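Source file final_23.cif; content: mmCIF, C-alpha atoms.
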```cif
data_start
loop_
_atom_site.label_atom_id
_atom_site.label_comp_id
_atom_site.auth_asym_id
_atom_site.auth_seq_id
_atom_site.Cartn_x
_atom_site.Cartn_y
_atom_site.Cartn_z
CA MET S 77 82.21 140.55 102.03
CA VAL S 78 81.04 138.27 99.21
CA GLU S 79 79.73 134.70 99.14
CA PHE S 80 78.15 132.48 96.51
CA VAL S 81 74.46 131.77 97.04
CA THR S 82 74.41 129.52 93.98
CA LEU S 83 76.55 126.54 94.99
CA LEU S 84 77.75 124.68 91.90
CA LEU S 85 80.02 122.26 93.76
CA GLY S 86 78.94 118.72 93.06
CA ALA S 87 76.77 119.72 90.11
CA LEU S 88 77.46 119.07 86.44
CA VAL S 89 77.43 122.47 84.78
CA ALA S 90 77.63 123.52 81.14
CA GLY S 91 76.31 126.42 79.09
CA PRO S 92 74.80 129.66 80.45
CA THR S 93 74.06 129.36 84.19
CA GLU S 94 72.72 131.95 86.61
CA VAL S 95 75.01 132.68 89.53
CA ARG S 96 73.72 134.53 92.60
CA LEU S 97 75.82 136.24 95.25
CA GLU S 98 75.40 137.59 98.76
CA VAL S 99 77.30 140.88 99.07
CA HIS S 100 78.07 143.11 102.08
CA ARG S 101 76.58 146.61 101.95
CA ASP S 102 80.06 148.25 101.86
CA VAL S 103 80.93 146.55 98.56
CA ALA S 104 80.63 148.73 95.48
CA ALA S 105 81.40 146.17 92.76
CA VAL S 106 81.98 142.45 92.29
CA GLU S 107 84.06 141.07 89.43
CA LEU S 108 83.43 137.50 88.29
CA LEU S 109 86.39 135.47 87.04
CA LEU S 110 86.15 132.14 85.23
CA ASP S 111 89.47 130.29 85.14
CA GLY S 112 91.22 133.60 85.79
CA THR S 113 89.45 135.55 83.02
CA ALA S 114 86.95 138.31 83.79
CA VAL S 115 83.45 137.37 82.62
CA GLY S 116 81.38 140.16 84.17
CA THR S 117 81.13 142.93 86.76
CA LEU S 118 78.17 143.60 89.07
CA ARG S 119 77.68 147.04 90.63
CA ALA S 120 74.32 146.83 92.41
CA ALA S 121 71.61 144.50 93.62
CA PRO S 122 70.31 142.07 92.56
CA TRP S 123 73.77 140.52 92.75
CA ARG S 124 73.30 137.91 90.04
CA ALA S 125 74.78 137.22 86.63
CA GLU S 126 74.65 134.66 83.85
CA VAL S 127 77.97 132.88 83.40
CA ASP S 128 78.58 130.80 80.27
CA PHE S 129 80.57 127.67 81.15
CA GLY S 130 80.74 126.54 77.53
CA ALA S 131 79.16 123.61 75.71
CA GLU S 132 81.76 121.10 76.91
CA LEU S 133 81.81 119.51 80.35
CA ALA S 134 85.06 120.69 81.88
CA PRO S 135 86.50 121.62 85.29
CA HIS S 136 86.44 125.34 86.08
CA LEU S 137 87.37 127.73 88.86
CA LEU S 138 84.74 130.44 89.44
CA GLU S 139 85.78 133.43 91.58
CA ALA S 140 83.96 136.52 92.85
CA VAL S 141 86.16 139.47 93.86
CA ALA S 142 84.59 142.26 95.94
CA TYR S 143 85.85 145.87 95.69
CA SER S 144 85.42 148.95 97.84
CA PRO S 145 86.14 152.47 96.46
CA GLU S 146 88.29 153.29 99.49
CA ARG S 147 90.18 150.02 100.06
CA GLY S 148 90.27 148.22 96.71
CA GLU S 149 89.80 144.45 96.98
CA VAL S 150 88.03 143.62 100.24
CA GLY S 151 86.95 140.01 99.74
CA ARG S 152 87.08 136.99 97.49
CA ALA S 153 85.02 133.82 97.20
CA SER S 154 85.75 130.86 94.95
CA GLN S 155 84.35 127.48 94.08
CA TRP S 156 85.41 124.60 91.86
CA VAL S 157 82.93 123.61 89.16
CA ASN S 158 82.71 120.10 87.68
CA LEU S 159 85.65 119.01 89.79
CA ASN S 160 85.35 118.47 93.55
CA PRO S 161 81.89 117.97 95.05
CA ARG S 162 82.20 118.98 98.69
CA GLU S 163 79.84 117.43 101.20
CA SER S 164 82.34 117.69 104.04
CA GLU S 165 85.64 119.31 104.96
CA VAL S 166 88.72 118.27 106.94
CA THR S 167 91.43 120.50 108.42
CA ILE S 168 94.87 119.48 109.73
CA ALA S 169 97.13 121.42 112.10
CA LEU S 170 100.50 120.02 113.18
CA ASP S 171 101.43 120.32 116.84
CA ARG S 172 104.18 118.97 119.09
CA ASP S 173 103.14 117.11 122.25
CA LEU S 174 104.93 118.75 125.19
CA ARG S 175 105.24 115.49 127.15
CA SER S 176 106.59 113.12 124.54
CA GLY S 177 107.98 115.59 122.02
CA ARG S 178 106.18 113.65 119.25
CA VAL S 179 104.54 115.52 116.39
CA MET S 180 100.75 115.22 116.32
CA ALA S 181 98.18 116.03 113.67
CA ARG S 182 95.20 117.86 115.18
CA VAL S 183 92.26 117.06 112.92
CA GLY S 184 88.97 118.92 112.65
CA TRP S 185 86.04 118.13 110.39
CA GLN S 186 82.55 119.14 109.32
CA SER S 187 80.10 116.96 107.44
CA LEU S 188 76.59 117.24 106.03
CA ALA S 189 75.94 113.63 106.98
CA GLU S 190 73.37 113.06 109.73
CA ASP S 191 76.07 111.67 112.01
CA ASN S 192 79.08 113.99 112.05
CA ARG S 193 81.35 111.33 113.56
CA PRO S 194 83.67 109.61 111.04
CA LEU S 195 82.94 105.94 110.47
CA ALA S 196 86.41 105.26 109.13
CA VAL S 197 89.71 107.12 108.99
CA ARG S 198 92.51 106.30 106.57
CA ALA S 199 95.92 107.89 107.08
CA LEU S 200 99.08 107.63 104.99
CA PHE S 201 102.41 108.99 106.22
CA ASP S 202 105.04 109.16 103.47
CA GLY S 203 102.92 106.66 101.51
CA GLU S 204 102.68 104.11 104.34
CA PRO S 205 99.45 103.30 106.26
CA LEU S 206 99.32 104.86 109.70
CA GLU S 207 97.38 103.50 112.67
CA VAL S 208 94.66 105.90 113.85
CA ARG S 209 93.45 105.52 117.42
CA ASP S 210 91.99 108.99 117.87
CA PRO S 211 90.93 110.70 114.62
CA ALA S 212 91.11 114.13 116.30
CA ALA S 213 94.73 113.68 117.44
CA ILE S 214 96.92 111.43 115.29
CA VAL S 215 100.45 110.75 116.54
CA LEU S 216 102.99 110.71 113.72
CA PRO S 217 105.79 108.14 113.69
CA PRO S 218 109.37 109.23 114.42
CA HIS S 219 110.86 111.10 111.47
CA THR S 220 113.76 113.37 110.60
CA ALA S 221 113.25 117.11 110.17
CA ASP S 222 115.71 117.44 107.29
CA ARG S 223 113.54 115.68 104.68
CA VAL S 224 110.10 116.39 103.28
CA HIS S 225 107.19 114.41 104.76
CA HIS S 226 103.63 114.05 103.54
CA LEU S 227 100.53 113.22 105.57
CA GLY S 228 97.28 112.38 103.80
CA LEU S 229 93.96 111.78 105.59
CA GLU S 230 90.62 110.51 104.36
CA LEU S 231 87.53 110.44 106.59
CA GLU S 232 84.32 108.61 105.72
CA PHE S 233 80.95 109.50 107.23
CA ALA S 234 77.48 107.97 107.12
CA GLY S 235 75.89 107.74 103.69
CA GLY S 236 79.24 107.35 101.92
CA VAL S 237 80.22 111.01 102.49
CA ARG S 238 84.02 111.38 102.40
CA ALA S 239 86.51 114.19 102.87
CA SER S 240 90.28 114.33 102.56
CA ALA S 241 93.13 116.68 103.44
CA GLU S 242 96.90 116.68 103.06
CA VAL S 243 99.87 118.47 104.61
CA THR S 244 103.55 118.61 103.65
CA PHE S 245 106.27 119.65 106.11
CA GLY S 246 109.94 119.28 106.94
CA GLY S 247 112.95 119.66 104.67
CA GLN S 248 112.87 122.95 102.79
CA TYR S 249 109.49 123.74 104.37
CA GLY S 250 110.75 123.59 107.97
CA ASP S 251 107.76 123.43 110.29
CA SER S 252 105.48 125.16 107.81
CA ILE S 253 102.53 123.40 106.28
CA SER S 254 101.51 123.34 102.64
CA SER S 255 97.90 122.21 102.60
CA GLU S 256 96.91 123.53 99.16
CA LEU S 257 97.79 120.52 97.06
CA THR S 258 96.41 119.05 93.85
CA ALA S 259 96.10 115.28 93.45
CA PHE S 260 97.15 114.41 89.89
CA PRO S 261 96.78 110.81 88.61
CA VAL S 262 99.52 109.31 86.44
CA VAL S 263 100.17 105.96 84.77
CA LEU S 264 103.44 104.06 84.99
CA GLY S 265 104.71 103.16 81.55
CA GLY S 266 108.39 102.24 81.27
CA ARG S 267 109.00 102.65 85.00
CA ASP S 268 108.42 100.13 87.77
CA GLU S 269 107.80 102.86 90.37
CA LEU S 270 107.98 106.62 90.88
CA PRO S 271 111.16 108.07 92.41
CA GLU S 272 111.35 110.27 95.51
CA PRO S 273 109.65 113.71 95.19
CA GLU S 274 113.00 115.51 94.88
CA ALA S 275 113.84 113.39 91.82
CA MET S 276 110.61 114.50 90.10
CA ARG S 277 111.66 118.14 90.04
CA GLY S 278 110.76 119.65 86.66
CA TRP S 279 108.34 116.89 85.68
CA PHE S 280 105.14 118.88 86.13
CA ARG S 281 104.10 122.39 85.14
CA SER S 282 100.98 124.50 84.79
CA GLY S 283 101.48 126.62 81.71
CA GLU S 284 105.11 127.69 81.98
CA ARG S 285 105.18 127.52 85.79
CA PRO S 286 106.93 124.45 87.27
CA LEU S 287 105.07 122.61 90.02
CA ARG S 288 106.72 121.12 93.07
CA VAL S 289 106.02 117.45 93.84
CA HIS S 290 105.17 116.83 97.50
CA GLY S 291 104.62 113.08 97.42
CA ALA S 292 103.18 110.11 95.55
CA ASP S 293 100.59 107.60 96.70
CA ARG S 294 99.60 104.17 95.47
CA GLY S 295 96.95 103.73 98.12
CA VAL S 296 93.48 102.34 97.55
CA ALA S 297 91.80 101.90 94.15
CA GLU S 298 88.16 103.00 93.78
CA ILE S 299 85.86 101.57 91.12
CA VAL S 300 82.51 103.32 90.61
CA VAL S 301 79.91 101.17 88.83
CA VAL S 302 76.90 102.46 86.88
CA ARG S 303 74.40 99.77 85.81
CA SER S 304 71.37 100.00 83.57
CA SER S 305 68.30 98.15 84.85
CA GLU S 306 68.42 95.87 81.78
CA ALA S 307 72.03 94.97 82.54
CA ARG S 308 71.27 94.30 86.19
CA THR S 309 68.44 91.92 85.19
CA ARG S 310 70.87 89.95 83.04
CA LEU S 311 73.49 89.93 85.81
CA TYR S 312 70.90 88.62 88.23
CA ARG S 313 70.02 85.78 85.85
CA MET S 314 73.71 85.02 85.43
CA GLN S 315 74.12 84.85 89.20
CA ARG S 316 71.11 82.55 89.57
CA ARG S 317 72.42 80.07 87.02
CA ARG S 318 76.08 80.64 87.98
CA ALA S 319 76.81 82.67 84.90
CA PRO S 320 76.60 79.75 83.43
CA ALA S 321 80.27 79.12 84.25
CA PRO S 322 81.06 80.19 87.83
CA GLY S 323 82.99 83.42 88.31
CA PHE S 324 85.62 83.56 91.02
CA ALA S 325 86.66 87.24 90.89
CA THR S 326 86.66 89.08 94.23
CA LEU S 327 87.79 92.48 95.44
CA ASP S 328 91.46 92.74 96.37
CA SER S 329 92.31 94.16 99.78
CA ASP S 330 93.23 97.52 98.22
CA GLN S 331 90.12 97.79 96.02
CA ARG S 332 86.87 99.56 96.89
CA LEU S 333 83.61 99.32 94.98
CA ARG S 334 80.78 101.85 94.88
CA PHE S 335 77.54 101.86 92.90
CA LEU S 336 75.86 104.91 91.41
CA GLY S 337 72.24 104.76 90.26
CA ALA S 338 71.28 105.69 86.70
CA SER S 339 67.86 107.13 87.66
CA PRO S 340 68.22 110.40 89.61
CA GLN S 341 66.18 111.57 92.55
CA LEU S 342 64.86 115.09 93.02
CA VAL S 343 65.54 116.33 96.54
CA GLY S 344 64.91 119.62 98.30
CA GLY S 345 61.95 121.91 98.13
CA GLY S 346 61.33 125.08 96.19
CA ALA S 347 61.32 125.78 92.49
CA GLU S 348 64.83 124.38 91.92
CA PRO S 349 65.15 120.91 93.46
CA PHE S 350 68.56 119.25 93.42
CA VAL S 351 69.15 116.30 91.11
CA VAL S 352 70.96 113.54 93.02
CA PHE S 353 72.08 110.16 91.71
CA PRO S 354 71.79 107.65 94.59
CA ARG S 355 75.05 106.07 95.75
CA SER S 356 75.83 102.93 97.68
CA PRO S 357 78.19 102.85 100.66
CA GLU S 358 81.77 101.91 99.89
CA ILE S 359 82.20 98.14 99.56
CA GLY S 360 85.51 96.57 100.48
CA SER S 361 84.51 93.07 101.57
CA ARG S 362 86.10 90.04 99.93
CA ILE S 363 83.43 87.69 101.24
CA ARG S 364 81.07 88.08 98.29
CA GLY S 365 82.15 87.49 94.71
CA LEU S 366 82.14 90.24 92.09
CA LEU S 367 79.23 88.79 90.10
CA GLU S 368 77.10 88.57 93.23
CA LEU S 369 77.89 92.18 94.10
CA LEU S 370 77.09 93.42 90.60
CA ALA S 371 73.82 91.50 90.52
CA MET S 372 72.54 91.88 94.05
CA VAL S 373 73.60 95.26 95.49
CA SER S 374 70.62 97.62 95.50
CA LEU S 375 70.59 101.38 95.96
CA PRO S 376 68.57 103.34 98.52
CA GLY S 377 65.43 105.17 97.47
CA ALA S 378 63.13 104.56 94.53
CA SER S 379 62.99 107.05 91.65
CA SER S 380 60.30 107.73 89.07
CA GLN S 381 62.77 109.62 86.89
CA GLU S 382 63.87 108.24 83.53
CA PRO S 383 67.34 106.65 83.50
CA ARG S 384 70.15 109.04 82.57
CA LEU S 385 73.11 106.73 81.99
CA ALA S 386 75.53 109.24 80.45
CA ASP S 387 74.82 111.85 83.14
CA ALA S 388 75.32 109.18 85.82
CA VAL S 389 78.67 108.17 84.29
CA ALA S 390 79.79 111.81 84.38
CA VAL S 391 78.76 112.12 88.05
CA ALA S 392 80.56 108.83 88.76
CA GLY S 393 83.70 110.39 87.30
CA LEU S 394 83.17 113.46 89.45
CA PHE S 395 83.11 111.37 92.63
CA ALA S 396 85.94 109.07 91.53
CA ASN S 397 88.10 112.14 90.98
CA ARG S 398 87.10 113.58 94.36
CA SER S 399 88.56 110.61 96.21
CA ALA S 400 92.17 111.37 95.14
CA ARG S 401 92.62 107.61 94.74
CA ARG S 402 93.54 105.34 91.88
CA ARG S 403 90.26 105.21 90.01
CA ALA S 404 88.03 103.88 87.24
CA VAL S 405 84.37 104.04 86.23
CA VAL S 406 82.65 100.91 84.92
CA LEU S 407 79.46 101.26 82.88
CA ILE S 408 77.46 98.02 82.56
CA ALA S 409 74.70 98.32 79.98
CA THR S 410 73.03 96.59 77.04
CA GLY S 411 72.28 97.69 73.51
CA ASP S 412 68.65 98.43 74.41
CA SER S 413 69.30 100.41 77.61
CA PRO S 414 67.30 103.68 77.43
CA ASP S 415 69.02 106.97 78.21
CA ALA S 416 67.38 110.39 78.75
CA SER S 417 70.63 112.17 79.63
CA ARG S 418 71.35 115.83 79.19
CA PHE S 419 74.90 115.06 78.06
CA ASP S 420 75.79 112.66 75.25
CA PRO S 421 78.39 109.86 75.69
CA ALA S 422 81.03 111.63 73.57
CA ARG S 423 80.96 114.72 75.80
CA VAL S 424 81.04 112.56 78.92
CA ARG S 425 84.07 110.63 77.62
CA ARG S 426 85.91 113.90 76.99
CA TYR S 427 85.03 115.13 80.47
CA LEU S 428 86.34 111.95 82.12
CA ALA S 429 89.58 112.34 80.15
CA ARG S 430 89.94 115.92 81.41
CA VAL S 431 89.64 114.89 85.06
CA GLY S 432 91.78 111.76 84.63
CA VAL S 433 89.17 109.02 85.21
CA PRO S 434 89.34 105.93 82.94
CA LEU S 435 86.06 104.49 81.68
CA VAL S 436 85.41 100.88 80.70
CA VAL S 437 82.12 99.66 79.22
CA TRP S 438 80.92 96.12 79.92
CA SER S 439 77.97 94.28 78.44
CA PRO S 440 76.34 91.12 79.87
CA GLU S 441 75.04 90.28 76.39
CA PRO S 442 76.84 87.43 74.61
CA GLY S 443 79.38 88.82 72.19
CA GLY S 444 79.44 92.21 73.87
CA GLY S 445 78.60 94.29 70.83
CA ALA S 446 77.93 98.01 70.82
CA VAL S 447 76.18 99.77 73.69
CA GLY S 448 74.47 102.66 71.95
CA GLU S 449 76.74 105.64 71.37
CA TRP S 450 79.27 104.25 73.86
CA GLY S 451 80.55 101.93 71.15
CA PRO S 452 81.99 98.42 71.57
CA ALA S 453 81.73 96.86 75.01
CA VAL S 454 83.68 94.14 76.81
CA ASP S 455 81.74 90.86 76.91
CA VAL S 456 81.02 89.85 80.53
CA SER S 457 78.21 87.42 79.72
CA THR S 458 79.82 84.50 81.58
CA GLY S 459 81.67 84.18 84.85
CA PHE S 460 84.94 83.40 83.11
CA ARG S 461 84.62 86.43 80.83
CA MET S 462 83.78 88.65 83.77
CA ASP S 463 86.83 87.34 85.65
CA ARG S 464 88.98 88.15 82.63
CA ALA S 465 87.54 91.68 82.32
CA TRP S 466 88.03 92.29 86.05
CA ALA S 467 91.65 91.10 85.87
CA ALA S 468 92.32 93.47 82.94
CA LEU S 469 90.85 96.37 84.92
CA GLY S 470 92.98 95.40 87.93
CA ARG S 471 96.14 95.50 85.81
CA GLU S 472 95.29 99.01 84.65
CA LEU S 473 94.67 100.15 88.22
CA GLU S 474 98.00 98.65 89.33
CA ARG S 475 99.79 101.02 86.94
CA GLN S 476 98.16 104.13 88.41
CA ARG S 477 99.70 106.44 91.00
CA VAL S 478 98.51 109.73 92.53
CA VAL S 479 101.07 112.54 92.68
CA TRP S 480 100.56 115.51 95.04
CA LEU S 481 101.50 118.86 93.46
CA SER S 482 101.90 122.26 95.09
CA GLY S 483 98.95 124.64 94.78
CA LEU S 484 95.44 124.21 93.44
CA HIS S 485 95.22 123.67 89.69
CA LEU S 486 92.71 122.67 87.04
CA PRO S 487 93.74 119.18 85.87
CA GLN S 488 93.54 120.03 82.16
CA HIS S 489 96.16 122.75 82.68
CA ILE S 490 98.79 120.42 84.18
CA VAL S 491 101.50 119.19 81.80
CA LEU S 492 103.77 116.21 82.48
CA ASP S 493 107.23 116.30 80.86
CA THR S 494 109.14 113.06 81.41
CA GLU S 495 109.55 109.57 79.98
CA GLY S 496 108.08 106.38 81.38
CA VAL S 497 105.16 108.14 83.09
CA GLU S 498 102.01 109.52 81.47
CA ALA S 499 99.14 111.66 82.69
CA LEU S 500 95.96 109.66 83.22
CA ARG S 501 93.61 110.97 80.56
#
```

Let me see the structure of the file written as structure tokens.
Amino acid sequence: MVEFVTLLLGALVAGPTEVRLEVHRDVAAVELLLDGTAVGTLRAAPWRAEVDFGAELAPHLLEAVAYSPERGEVGRASQWVNLNPRESEVTIALDRDLRSGRVMARVGWQSLAEDNRPLAVRALFDGEPLEVRDPAAIVLPPHTADRVHHLGLELEFAGGVRASAEVTFGGQYGDSISSELTAFPVVLGGRDELPEPEAMRGWFRSGERPLRVHGADRGVAEIVVVRSSEARTRLYRMQRRRAPAPGFATLDSDQRLRFLGASPQLVGGGAEPFVVFPRSPEIGSRIRGLLELLAMVSLPGASSQEPRLADAVAVAGLFANRSARRRAVVLIATGDSPDASRFDPARVRRYLARVGVPLVVWSPEPGGGAVGEWGPAVDVSTGFRMDRAWAALGRELERQRVVWLSGLHLPQHIVLDTEGVEALR
């Protein structure tokens, strides 16, 4: 009955923005809701409205509710804004194999990548890695029906496109599935590890409503790197002369690296081309050292656009949050790195805090110093200093966990009430 024509998923949106809808002829009115609050009503074509998302970069839920005079509400469409860019989708349905009696996860997917076949599949059952032989039919290990179980899947497609899905079943849920879950990152403080989900009852709430914990995941850590061209030149020189002291840092087996370009590309035809920051494939190899990766990895496609470092950092946070993994964004820049961004560093820092993505700023200049409005940077001008900075980042990532909460919630509305664990802000 109603669908969004203007797709804001994956875009960074702030301020007044036109939203266009496609509406069935039987619909008499469409009400627009932003984070649950009515922001406008449309009663005739053209079905378009200007929605003000505010000056700050923040996650939002935009909904369109269609009404008919005879039947009341007849349709609803929704999309997350500044939160979860969706380039693909995954669905999970639990089934019992009649021959073996084992429970199987029937998996379906759609992807905008050229090749719709997944290149890699990662599965966690109750927090433990699960072998995947057939991504369309995953056999679950033996388990008891009287306790809660959690299955999380992540599929990766060509071009670095990823999608994830989760289900919770058993225990108080019986055979039912709860697939609407929110991944919420936390940091271990005075605790060595998180307890079982049942022991975290009452820890989380949205407003005054308590949220049920379905599981917790340590999993893989994702680091998204944004480099200025000036910083990359210095890193290349460091690599050529071995830094001058050699660096020995490498990726751990549970760490993944991805690069995001600072100069965007304009793609798509028409009057409103899409702005896309090029991304590298996920890197998980331990063969090459960190310095070599930072200096040598190039991104696909040339761009004539001016560098937009702050905007790229915000988009990096958007994609780091999408992964539902332990996460961090690393900005590597120098004091003279130009920046033609729409958003200033202070707003970007506040946005990353809202979505729970830590940011560290590194400088390959001796002494570190300040990197524009980003402030003081960590000195990574030698191999030893880079090793030290990488180790410090690794320690921070080791303290992170991802908790799965019932329902879909804006991260800035979730409150954590306990000791020894903090929300990742």

Neighbours of range 457-463 of chain S within 10 Å (only C-alpha atoms; same-chain residues fewer than 5 positions away dropped), as number ranges by chain? S: 310-311, 314-315, 318-326, 366-367, 438-444, 468-469

Here is a test: counting all atoms listed in the file, which residue of S:His290, S:Arg355, S:Arg303, S:Arg425 is nearest to Gly451 in chain S? S:Arg425

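Our summary of the geometry notes that CA of Asp102 in chain S is positioned 26.2 Å from CA of Trp156 in chain S.
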
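Distances from S:Ala429, S:Leu216, S:Leu110, S:Ala416 to Asp387 in chain S were compared using all atoms listed in the file, and the smallest one belongs to S:Ala416.
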
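When you apply the PyMOL selection byres ((chain S and resi 146-149) around 12) to this structure, what comes back is S:Met77, S:Val78, S:Asp102, S:Val103, S:Ala104, S:Ala105, S:Val106, S:Glu107, S:Ala140, S:Val141, S:Ala142, S:Tyr143, S:Ser144, S:Pro145, S:Val150, S:Gly151, S:Arg152, S:Ala153.
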
Please produce a file of the residues just selected, as a PDB file, keeping the file's coordinate frame, where the atoms kept are C-alpha atoms.
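Now in again_16.pdb:
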```pdb
ATOM      1  CA  MET S  77      82.210 140.550 102.030  1.00  0.00           C
ATOM      2  CA  VAL S  78      81.040 138.270  99.210  1.00  0.00           C
ATOM      3  CA  ASP S 102      80.060 148.250 101.860  1.00  0.00           C
ATOM      4  CA  VAL S 103      80.930 146.550  98.560  1.00  0.00           C
ATOM      5  CA  ALA S 104      80.630 148.730  95.480  1.00  0.00           C
ATOM      6  CA  ALA S 105      81.400 146.170  92.760  1.00  0.00           C
ATOM      7  CA  VAL S 106      81.980 142.450  92.290  1.00  0.00           C
ATOM      8  CA  GLU S 107      84.060 141.070  89.430  1.00  0.00           C
ATOM      9  CA  ALA S 140      83.960 136.520  92.850  1.00  0.00           C
ATOM     10  CA  VAL S 141      86.160 139.470  93.860  1.00  0.00           C
ATOM     11  CA  ALA S 142      84.590 142.260  95.940  1.00  0.00           C
ATOM     12  CA  TYR S 143      85.850 145.870  95.690  1.00  0.00           C
ATOM     13  CA  SER S 144      85.420 148.950  97.840  1.00  0.00           C
ATOM     14  CA  PRO S 145      86.140 152.470  96.460  1.00  0.00           C
ATOM     15  CA  VAL S 150      88.030 143.620 100.240  1.00  0.00           C
ATOM     16  CA  GLY S 151      86.950 140.010  99.740  1.00  0.00           C
ATOM     17  CA  ARG S 152      87.080 136.990  97.490  1.00  0.00           C
ATOM     18  CA  ALA S 153      85.020 133.820  97.200  1.00  0.00           C
TER      19      ALA S 153
END
```

So that I can check the surroundings of range 278-284 of chain S, please list as a PyMOL selection string every protein, DNA and RNA residue that reaches within 7 Å of it, counting only C-alpha atoms and ignoring chain neighbours fewer than 5 positions away. chain S and resi 489-494

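One finds CA of Gly203 in chain S at 21.7 Å from CA of Gly184 in chain S.
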
Using the chain letters and numbers from the file, give me the residues hit by the PyMOL selection byres ((chain S and resi 302) around 9), as a PyMOL selection string. chain S and resi 300-301+303-304+334-338+385+388-389+392+405-409

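Distance annotation: of S:Asp420, S:Asp171, S:Glu256, S:Glu94, the residue with the minimal separation from Val215 in chain S is S:Asp171; atom set is all atoms listed in the file.
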
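Using all atoms listed in the file for every distance, the candidate list S:Pro194, S:Pro92, S:Pro340, S:Pro487 yields S:Pro194 as the residue closest to Glu232 in chain S.
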
For Leu229 in chain S: contacts at 7 Å, all atoms listed in the file, fewer than 2 positions along chain excluded, given as a PDB file with C-alpha atoms, keeping the file's coordinate frame:
```pdb
ATOM      1  CA  ARG S 198      92.510 106.300 106.570  1.00  0.00           C
ATOM      2  CA  ALA S 199      95.920 107.890 107.080  1.00  0.00           C
ATOM      3  CA  LEU S 200      99.080 107.630 104.990  1.00  0.00           C
ATOM      4  CA  LEU S 227     100.530 113.220 105.570  1.00  0.00           C
ATOM      5  CA  LEU S 231      87.530 110.440 106.590  1.00  0.00           C
ATOM      6  CA  SER S 240      90.280 114.330 102.560  1.00  0.00           C
ATOM      7  CA  ALA S 241      93.130 116.680 103.440  1.00  0.00           C
ATOM      8  CA  GLU S 242      96.900 116.680 103.060  1.00  0.00           C
TER       9      GLU S 242
END
```

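Put simply, CA of Arg332 in chain S is 6.4 Å away from CA of Glu358 in chain S.
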
Matched chain/residue IDs from the PyMOL selection byres ((chain S and resi 125) around 9), as a ChimeraX atom specification: /S:93-97,108,116-118,122-124,126-127

So that I have them on file, write out the residues from the current selection with C-alpha atoms, as a PDB file, in the frame of the given file.
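Dumped to again.pdb:
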```pdb
ATOM      1  CA  THR S  93      74.060 129.360  84.190  1.00  0.00           C
ATOM      2  CA  GLU S  94      72.720 131.950  86.610  1.00  0.00           C
ATOM      3  CA  VAL S  95      75.010 132.680  89.530  1.00  0.00           C
ATOM      4  CA  ARG S  96      73.720 134.530  92.600  1.00  0.00           C
ATOM      5  CA  LEU S  97      75.820 136.240  95.250  1.00  0.00           C
ATOM      6  CA  LEU S 108      83.430 137.500  88.290  1.00  0.00           C
ATOM      7  CA  GLY S 116      81.380 140.160  84.170  1.00  0.00           C
ATOM      8  CA  THR S 117      81.130 142.930  86.760  1.00  0.00           C
ATOM      9  CA  LEU S 118      78.170 143.600  89.070  1.00  0.00           C
ATOM     10  CA  PRO S 122      70.310 142.070  92.560  1.00  0.00           C
ATOM     11  CA  TRP S 123      73.770 140.520  92.750  1.00  0.00           C
ATOM     12  CA  ARG S 124      73.300 137.910  90.040  1.00  0.00           C
ATOM     13  CA  GLU S 126      74.650 134.660  83.850  1.00  0.00           C
ATOM     14  CA  VAL S 127      77.970 132.880  83.400  1.00  0.00           C
TER      15      VAL S 127
END
```

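Minimum atom-to-atom distance to Arg418 in chain S, evaluated using only C-alpha atoms, belongs to S:Gly91 out of S:Arg277, S:Phe233, S:Gly91, S:Thr258.
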